[in-house]
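**Student:** One file is attached below, final-v4.csv, containing CSV, C-alpha atoms.
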chain,number,residue,atom,x,y,z
D,1,MET,CA,0.0,0.0,0.0
D,2,SER,CA,1.4,3.4,-1.1
D,3,LEU,CA,1.0,6.9,0.3
D,4,THR,CA,-0.3,9.7,-1.9
D,5,GLU,CA,1.5,13.0,-2.0
D,6,GLN,CA,-1.3,14.5,0.1
D,7,GLU,CA,-0.8,11.8,2.7
D,8,ILE,CA,3.0,12.2,2.8
D,9,LEU,CA,2.4,15.9,3.6
D,10,ARG,CA,-0.4,15.2,6.1
D,11,TYR,CA,1.6,12.5,8.0
D,12,SER,CA,5.0,14.2,7.6
D,13,ARG,CA,5.5,14.5,11.4
D,14,HIS,CA,5.0,10.7,11.7
D,15,ILE,CA,7.2,9.9,8.7
D,16,ILE,CA,10.2,11.8,10.1
D,17,LEU,CA,10.1,9.8,13.3
D,18,PRO,CA,12.7,6.9,13.0
D,19,GLU,CA,10.2,4.6,14.8
D,20,VAL,CA,7.6,5.1,12.2
D,21,GLY,CA,9.0,6.4,8.8
D,22,GLY,CA,7.2,5.9,5.5
D,23,ARG,CA,7.0,2.1,5.9
D,24,GLY,CA,5.4,2.5,9.3
D,25,GLN,CA,2.9,5.0,8.0
D,26,LYS,CA,1.9,2.6,5.3
D,27,ARG,CA,1.3,-0.1,7.9
D,28,ILE,CA,-1.0,2.3,9.8
D,29,LYS,CA,-2.9,3.1,6.6
D,30,ALA,CA,-3.3,-0.7,5.9
D,31,SER,CA,-4.5,-1.4,9.4
D,32,SER,CA,-7.9,-1.9,10.8
D,33,VAL,CA,-9.1,-1.1,14.3
D,34,LEU,CA,-12.3,-1.8,16.1
D,35,VAL,CA,-13.2,0.7,18.9
D,36,ALA,CA,-15.9,-0.6,21.3
D,37,GLY,CA,-17.6,2.2,23.1
D,38,LEU,CA,-17.6,5.9,22.1
D,39,GLY,CA,-17.7,7.3,25.6
D,40,ALA,CA,-15.1,9.2,27.7
D,41,ALA,CA,-12.2,6.9,26.8
D,42,GLY,CA,-13.3,5.5,23.4
D,43,SER,CA,-13.9,9.0,22.0
D,44,PRO,CA,-10.4,10.3,22.2
D,45,ALA,CA,-9.0,6.9,21.3
D,46,ALA,CA,-11.0,6.8,18.1
D,47,MET,CA,-10.2,10.4,17.2
D,48,TYR,CA,-6.5,9.9,17.5
D,49,LEU,CA,-6.5,6.7,15.5
D,50,ALA,CA,-8.3,8.5,12.7
D,51,ALA,CA,-5.8,11.4,12.9
D,52,ALA,CA,-2.9,9.0,12.9
D,53,GLY,CA,-4.1,7.6,9.5
D,54,VAL,CA,-5.6,4.2,10.4
D,55,GLY,CA,-7.2,3.1,7.1
D,56,ARG,CA,-10.3,1.4,8.5
D,57,ILE,CA,-12.0,2.0,11.8
D,58,THR,CA,-15.2,0.3,13.0
D,59,LEU,CA,-17.1,2.0,15.8
D,60,TRP,CA,-19.4,-0.2,17.9
D,61,ASP,CA,-21.8,1.3,20.4
D,62,PRO,CA,-25.4,0.4,20.8
D,63,ALA,CA,-26.2,3.4,23.2
D,64,ASP,CA,-27.8,6.7,22.2
D,65,LEU,CA,-26.0,10.0,23.1
D,66,THR,CA,-27.3,11.8,26.2
D,67,ALA,CA,-26.5,15.2,27.6
D,68,ALA,CA,-24.6,13.6,30.4
D,69,ASP,CA,-22.2,11.9,27.9
D,70,LEU,CA,-21.0,15.3,26.7
D,71,THR,CA,-19.0,15.8,29.9
D,72,GLY,CA,-16.3,13.4,28.7
D,73,ALA,CA,-17.3,11.9,25.3
D,74,ILE,CA,-15.6,14.5,23.1
D,75,ALA,CA,-16.4,12.8,19.8
D,76,HIS,CA,-19.9,14.1,20.1
D,77,THR,CA,-21.8,17.5,20.1
D,78,ARG,CA,-25.0,18.7,21.7
D,79,ALA,CA,-26.7,18.8,18.3
D,80,ARG,CA,-26.4,14.9,18.1
D,81,ILE,CA,-28.1,14.2,21.5
D,82,GLY,CA,-30.5,11.3,20.9
D,83,GLN,CA,-28.5,9.9,18.0
D,84,ASN,CA,-26.6,6.6,18.3
D,85,ARG,CA,-23.1,7.1,19.7
D,86,ALA,CA,-21.4,5.1,17.0
D,87,GLU,CA,-23.2,7.0,14.2
D,88,SER,CA,-22.3,10.3,15.9
D,89,GLY,CA,-18.7,9.3,16.3
D,90,ARG,CA,-18.5,8.3,12.6
D,91,ALA,CA,-19.5,11.9,11.6
D,92,LYS,CA,-16.7,13.2,13.8
D,93,LEU,CA,-14.0,10.8,12.5
D,94,GLU,CA,-14.9,11.5,8.9
D,95,GLY,CA,-14.3,15.1,9.5
D,96,ILE,CA,-10.9,14.3,11.0
D,97,ASN,CA,-9.9,11.9,8.2
D,98,PRO,CA,-12.1,11.8,5.2
D,99,ASP,CA,-9.8,9.3,3.5
D,100,ALA,CA,-10.3,6.6,6.1
D,101,GLU,CA,-13.1,4.0,6.0
D,102,ILE,CA,-15.3,4.6,9.0
D,103,ASN,CA,-18.0,2.1,9.9
D,104,ALA,CA,-20.6,2.4,12.6
D,105,VAL,CA,-22.2,-0.6,14.2
D,106,THR,CA,-25.2,-0.3,16.5
D,107,ASP,CA,-26.3,-3.9,17.1
D,108,PRO,CA,-25.6,-4.8,20.7
D,109,ASP,CA,-25.1,-8.5,20.0
D,110,VAL,CA,-22.4,-8.5,17.3
D,111,LEU,CA,-19.3,-7.2,19.1
D,112,PRO,CA,-17.5,-10.5,19.4
D,113,ALA,CA,-18.2,-11.3,15.7
D,114,LEU,CA,-16.6,-8.0,14.6
D,115,VAL,CA,-13.2,-8.8,16.2
D,116,ALA,CA,-12.1,-11.2,13.5
D,117,GLY,CA,-12.1,-8.5,10.8
D,118,HIS,CA,-9.7,-6.2,12.7
D,119,GLN,CA,-6.0,-6.2,13.6
D,120,VAL,CA,-6.5,-4.4,16.9
D,121,VAL,CA,-9.5,-3.9,19.2
D,122,VAL,CA,-9.7,-1.0,21.7
D,123,ALA,CA,-12.4,-2.1,24.2
D,124,THR,CA,-13.8,0.4,26.6
D,125,THR,CA,-17.1,-1.4,27.0
D,126,GLY,CA,-18.9,-4.5,25.9
D,127,ASP,CA,-18.4,-8.2,26.9
D,128,TRP,CA,-14.6,-8.2,27.4
D,129,THR,CA,-14.3,-12.0,27.9
D,130,ALA,CA,-16.1,-12.6,24.6
D,131,VAL,CA,-13.9,-10.0,22.9
D,132,GLN,CA,-10.8,-11.7,24.2
D,133,SER,CA,-12.0,-15.2,23.2
D,134,ALA,CA,-12.7,-13.9,19.7
D,135,ALA,CA,-9.2,-12.3,19.6
D,136,ALA,CA,-7.6,-15.5,20.6
D,137,ALA,CA,-9.3,-17.3,17.8
D,138,SER,CA,-8.5,-14.7,15.1
D,139,GLY,CA,-5.1,-13.5,16.3
D,140,ALA,CA,-6.2,-9.9,16.9
D,141,ALA,CA,-4.7,-7.8,19.7
D,142,VAL,CA,-6.8,-6.0,22.3
D,143,VAL,CA,-6.3,-2.9,24.4
D,144,PHE,CA,-8.7,-2.9,27.3
D,145,ALA,CA,-9.3,0.5,28.8
D,146,GLY,CA,-11.6,1.8,31.6
D,147,VAL,CA,-12.0,5.0,33.6
D,148,HIS,CA,-13.9,5.9,36.7
D,149,GLY,CA,-13.8,9.2,38.5
D,150,ALA,CA,-10.3,10.6,38.0
D,151,SER,CA,-8.7,7.1,37.7
D,152,GLY,CA,-8.3,4.6,35.0
D,153,ALA,CA,-6.4,1.6,33.8
D,154,LEU,CA,-5.2,-0.1,30.6
D,155,PHE,CA,-4.2,-3.7,29.8
D,156,ALA,CA,-3.1,-5.1,26.4
D,157,TYR,CA,-3.6,-8.7,25.3
D,158,ARG,CA,-2.2,-10.8,22.4
D,159,PRO,CA,-2.9,-14.5,22.0
D,160,GLY,CA,-0.4,-16.5,24.0
D,161,GLU,CA,0.3,-13.8,26.5
D,162,PRO,CA,-1.3,-13.2,30.0
D,163,CYS,CA,-5.1,-12.6,29.6
D,164,LEU,CA,-7.9,-11.1,31.6
D,165,GLY,CA,-8.4,-14.4,33.4
D,166,CYS,CA,-4.8,-14.4,34.5
D,167,ILE,CA,-5.4,-11.3,36.6
D,168,GLY,CA,-5.5,-12.5,40.2
D,169,PRO,CA,-7.5,-10.8,43.0
D,170,ASP,CA,-4.5,-8.9,44.4
D,171,ALA,CA,-3.5,-7.5,41.0
D,172,ALA,CA,-7.2,-6.7,40.3
D,173,ALA,CA,-7.5,-4.7,43.5
D,174,ASP,CA,-4.2,-2.8,42.8
D,175,ALA,CA,-5.3,-2.0,39.3
D,176,GLY,CA,-8.8,-0.8,40.1
D,177,LEU,CA,-10.7,-3.8,38.7
D,178,LEU,CA,-14.3,-4.3,39.9
D,179,PRO,CA,-14.1,-6.5,43.0
D,180,GLU,CA,-17.1,-8.8,42.3
D,181,GLU,CA,-16.3,-12.4,41.7
D,182,THR,CA,-17.8,-14.7,39.0
D,183,GLY,CA,-19.3,-18.0,39.8
D,184,SER,CA,-16.0,-19.7,39.1
D,185,GLY,CA,-14.2,-17.6,41.8
D,186,ASP,CA,-12.4,-15.5,39.2
D,187,VAL,CA,-12.5,-11.7,39.5
D,188,ASP,CA,-14.8,-9.8,37.2
D,189,THR,CA,-12.5,-8.8,34.3
D,190,ARG,CA,-13.6,-5.2,34.0
D,191,PHE,CA,-11.9,-2.0,34.9
D,192,ALA,CA,-14.0,0.2,37.1
D,193,GLY,CA,-16.2,2.4,35.1
D,194,SER,CA,-15.8,0.4,31.8
D,195,GLY,CA,-19.5,-0.2,31.5
D,196,GLY,CA,-20.1,3.1,29.8
D,197,VAL,CA,-22.4,4.6,32.4
D,198,GLY,CA,-20.3,5.9,35.3
D,199,ARG,CA,-18.9,8.9,37.1
D,200,VAL,CA,-16.0,10.1,35.1
D,201,VAL,CA,-13.9,13.2,35.3
D,202,SER,CA,-13.8,14.4,31.7
D,203,ALA,CA,-10.1,14.9,31.3
D,204,ALA,CA,-9.3,11.5,32.9
D,205,GLY,CA,-11.1,9.9,30.0
D,206,GLY,CA,-8.8,11.7,27.7
D,207,VAL,CA,-5.7,10.4,29.5
D,208,ILE,CA,-6.8,6.8,29.3
D,209,GLY,CA,-8.2,7.1,25.7
D,210,THR,CA,-5.1,8.7,24.4
D,211,ALA,CA,-2.9,6.1,26.0
D,212,ALA,CA,-5.1,3.4,24.5
D,213,ALA,CA,-4.7,4.9,21.0
D,214,THR,CA,-0.9,4.9,21.6
D,215,GLU,CA,-1.0,1.3,22.6
D,216,ALA,CA,-3.0,0.4,19.5
D,217,LEU,CA,-0.5,2.2,17.2
D,218,LYS,CA,2.4,0.4,18.9
D,219,LEU,CA,0.7,-3.0,18.3
D,220,ILE,CA,0.1,-2.0,14.6
D,221,LEU,CA,3.7,-0.9,14.1
D,222,GLY,CA,5.3,-3.6,16.2
D,223,ILE,CA,7.4,-1.1,18.2
D,224,GLY,CA,8.0,-0.2,21.8
D,225,THR,CA,6.9,-2.3,24.8
D,226,PRO,CA,3.2,-3.0,24.7
D,227,LEU,CA,1.2,-3.3,27.9
D,228,THR,CA,0.9,-7.1,27.6
D,229,GLY,CA,1.5,-8.7,31.0
D,230,ARG,CA,1.2,-5.2,32.6
D,231,ILE,CA,-1.7,-3.1,33.8
D,232,LEU,CA,-1.1,0.6,33.8
D,233,ARG,CA,-3.0,2.3,36.5
D,234,TYR,CA,-3.6,6.1,36.5
D,235,ASP,CA,-4.7,8.1,39.6
D,236,GLY,CA,-5.6,11.6,38.5
D,237,TRP,CA,-6.2,13.0,41.9
D,238,ASP,CA,-2.7,12.0,43.0
D,239,ALA,CA,-1.2,12.5,39.6
D,240,ARG,CA,0.4,9.1,39.7
D,241,PHE,CA,0.9,6.2,37.3
D,242,ARG,CA,1.7,2.7,38.6
D,243,GLU,CA,2.3,-0.6,36.9
D,244,VAL,CA,0.8,-3.9,38.0
D,245,ARG,CA,2.4,-7.1,36.6
D,246,VAL,CA,0.3,-10.0,35.4
D,247,THR,CA,1.7,-13.4,34.7
D,248,ARG,CA,0.1,-16.4,32.9
D,249,ARG,CA,-1.8,-18.7,35.3
D,250,SER,CA,-1.7,-22.4,34.5
D,251,ASP,CA,-5.2,-22.6,36.1
D,252,CYS,CA,-6.6,-19.7,34.2
D,253,SER,CA,-10.2,-20.4,33.2
D,254,LEU,CA,-9.9,-18.4,30.0
D,255,CYS,CA,-6.5,-19.3,28.5
D,256,ALA,CA,-5.2,-22.4,30.2
D,257,GLY,CA,-4.2,-25.0,27.7
D,258,ASN,CA,-4.0,-22.5,24.8
Turn this file's structure into structure tokens for me.
**Tutor:**
Amino acid sequence: MSLTEQEILRYSRHIILPEVGGRGQKRIKASSVLVAGLGAAGSPAAMYLAAAGVGRITLWDPADLTAADLTGAIAHTRARIGQNRAESGRAKLEGINPDAEINAVTDPDVLPALVAGHQVVVATTGDWTAVQSAAAASGAAVVFAGVHGASGALFAYRPGEPCLGCIGPDAAADAGLLPEETGSGDVDTRFAGSGGVGRVVSAAGGVIGTAAATEALKLILGIGTPLTGRILRYDGWDARFREVRVTRRSDCSLCAGN
């Protein structure tokens, strides 16, 4: 896949970076990313991925935009209240990058089925366990991101590396995961606030969403050190980042034996 003269000019600040270059920008253009959730974290993630030149972006969100969403979901405007959030986000992304293919999906039941058609998934809501299972089957990478209040967390997954089920109770507590347990005794694999309806400080969503977009680009380019096997926890009130290590568990209910 080649770059047009217009694209070379547009992405020149990427292309001059030794970590990206022209070859890397072509990889970004050829990539496909699924963004699940167009709320406080998903909005900036999707917008930065469009700005970076990702060639195909699918936005999945079955919810309609409300006035309360506008506190943090910066992909939307007041004029779109009542519209579906994926459709509203598509209009925003097409304005940022008219050359990208932007698709909006509103069906609440199809998220896992969408994973196979994408290189990377940025999951801020939805059934995370089902998304991870679909990624394991298709080879896609996933960036899980959640925000609650002024805090948030991110975790990256690639098939064969530590997964959501490998996160033990202690690591979950350190990283801000929801404390509830499933019937099997495993922790609920969700970052606090990831359900899309929560109390979020607007700018904290921007921190987490921007970091999620950066992780997605790293996975596309194959550079840097992805957040696989590591949870990055952000505390906005204390202005602190901390890292929580995750190792593969032989008794993991999700990935044992894979």
**Student:** State, in Å with one decimal place, the distance from atom CA of D:Asn84 to atom CA of D:Trp60.
**Tutor:** 9.9 Å
**Student:** Just want the 6 Å neighbourhood of stretch 30-33 of chain D, counted on all atoms listed in the file, with same-chain residues fewer than 4 positions away dropped. Output as a CSV table (one decimal) with C-alpha atoms, in the frame of the given file.
**Tutor:**
chain,number,residue,atom,x,y,z
D,54,VAL,CA,-5.6,4.2,10.4
D,55,GLY,CA,-7.2,3.1,7.1
D,56,ARG,CA,-10.3,1.4,8.5
D,57,ILE,CA,-12.0,2.0,11.8
D,118,HIS,CA,-9.7,-6.2,12.7
D,119,GLN,CA,-6.0,-6.2,13.6
D,120,VAL,CA,-6.5,-4.4,16.9
D,121,VAL,CA,-9.5,-3.9,19.2
**Student:** Smallest atom-to-atom distance to D:Gly206: which of D:Tyr48, D:Tyr11, D:Trp128, D:Tyr157, using only C-alpha atoms?
**Tutor:**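 For D:Gly206, the nearest of the candidates is D:Tyr48.
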**Student:** Is there a way to get, as JSON, numbers by chain, all residues within 10 Å of the point (-23.7, -3.5, 16.0) in file coordinates, counting only C-alpha atoms?
**Tutor:** {"D": [36, 58, 59, 60, 61, 62, 86, 104, 105, 106, 107, 108, 109, 110, 111, 112, 113, 114]}
**Student:** Have a look at atom CA of D:Pro226 and atom CA of D:Gly165 and let me know their distance in Å, one decimal.
**Tutor:**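 These atoms are spaced 18.4 Å apart.
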**Student:** Between atom CA of D:Ala173 and atom CA of D:Ala140, what distance in Å does the model show, to one decimal?
**Tutor:**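 The value is 27.1 Å.
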**Student:** Might you pull out every residue within 12 Å of D:Val246, with all atoms listed in the file counted and same-chain residues fewer than 4 positions away left off, and present them as a ChimeraX atom specification?
**Tutor:** /D:155-157,161-172,174-175,227-232,252
**Student:** Would you kindly place N, CA and C atoms on stretch 68-87 of chain D and return the model as a JSON list (two decimals), in the frame of the given file?
**Tutor:**
[["chain", "number", "residue", "atom", "x", "y", "z"],
["D", 68, "ALA", "N", -25.58, 13.92, 29.41],
["D", 68, "ALA", "CA", -24.60, 13.60, 30.40],
["D", 68, "ALA", "C", -23.28, 13.07, 29.73],
["D", 69, "ASP", "N", -23.41, 12.44, 28.56],
["D", 69, "ASP", "CA", -22.20, 11.90, 27.90],
["D", 69, "ASP", "C", -21.27, 13.04, 27.47],
["D", 70, "LEU", "N", -21.79, 14.23, 27.25],
["D", 70, "LEU", "CA", -21.00, 15.30, 26.70],
["D", 70, "LEU", "C", -19.91, 15.80, 27.68],
["D", 71, "THR", "N", -20.01, 15.40, 28.95],
["D", 71, "THR", "CA", -19.00, 15.80, 29.90],
["D", 71, "THR", "C", -17.62, 15.24, 29.50],
["D", 72, "GLY", "N", -17.58, 14.01, 28.99],
["D", 72, "GLY", "CA", -16.30, 13.40, 28.70],
["D", 72, "GLY", "C", -16.18, 12.85, 27.26],
["D", 73, "ALA", "N", -17.30, 12.57, 26.62],
["D", 73, "ALA", "CA", -17.30, 11.90, 25.30],
["D", 73, "ALA", "C", -17.10, 12.96, 24.21],
["D", 74, "ILE", "N", -15.85, 13.31, 23.94],
["D", 74, "ILE", "CA", -15.60, 14.50, 23.10],
["D", 74, "ILE", "C", -15.75, 14.23, 21.61],
["D", 75, "ALA", "N", -16.13, 13.03, 21.22],
["D", 75, "ALA", "CA", -16.40, 12.80, 19.80],
["D", 75, "ALA", "C", -17.79, 13.27, 19.40],
["D", 76, "HIS", "N", -18.56, 13.79, 20.35],
["D", 76, "HIS", "CA", -19.90, 14.10, 20.10],
["D", 76, "HIS", "C", -20.20, 15.63, 20.37],
["D", 77, "THR", "N", -21.34, 16.11, 19.86],
["D", 77, "THR", "CA", -21.80, 17.50, 20.10],
["D", 77, "THR", "C", -23.20, 17.48, 20.58],
["D", 78, "ARG", "N", -23.61, 18.59, 21.15],
["D", 78, "ARG", "CA", -25.00, 18.70, 21.70],
["D", 78, "ARG", "C", -26.02, 18.49, 20.59],
["D", 79, "ALA", "N", -25.69, 18.90, 19.37],
["D", 79, "ALA", "CA", -26.70, 18.80, 18.30],
["D", 79, "ALA", "C", -26.99, 17.30, 17.99],
["D", 80, "ARG", "N", -26.15, 16.35, 18.45],
["D", 80, "ARG", "CA", -26.40, 14.90, 18.10],
["D", 80, "ARG", "C", -27.02, 14.17, 19.30],
["D", 81, "ILE", "N", -27.46, 14.86, 20.35],
["D", 81, "ILE", "CA", -28.10, 14.20, 21.50],
["D", 81, "ILE", "C", -29.33, 13.41, 20.92],
["D", 82, "GLY", "N", -29.45, 12.17, 21.34],
["D", 82, "GLY", "CA", -30.50, 11.30, 20.90],
["D", 82, "GLY", "C", -30.10, 10.39, 19.73],
["D", 83, "GLN", "N", -29.00, 10.73, 19.05],
["D", 83, "GLN", "CA", -28.50, 9.90, 18.00],
["D", 83, "GLN", "C", -27.67, 8.73, 18.61],
["D", 84, "ASN", "N", -27.49, 7.68, 17.85],
["D", 84, "ASN", "CA", -26.60, 6.60, 18.30],
["D", 84, "ASN", "C", -25.18, 7.09, 18.41],
["D", 85, "ARG", "N", -24.47, 6.64, 19.43],
["D", 85, "ARG", "CA", -23.10, 7.10, 19.70],
["D", 85, "ARG", "C", -22.13, 6.71, 18.60],
["D", 86, "ALA", "N", -22.30, 5.51, 18.04],
["D", 86, "ALA", "CA", -21.40, 5.10, 17.00],
["D", 86, "ALA", "C", -21.61, 5.92, 15.72],
["D", 87, "GLU", "N", -22.86, 6.21, 15.40],
["D", 87, "GLU", "CA", -23.20, 7.00, 14.20],
["D", 87, "GLU", "C", -22.63, 8.46, 14.44]]
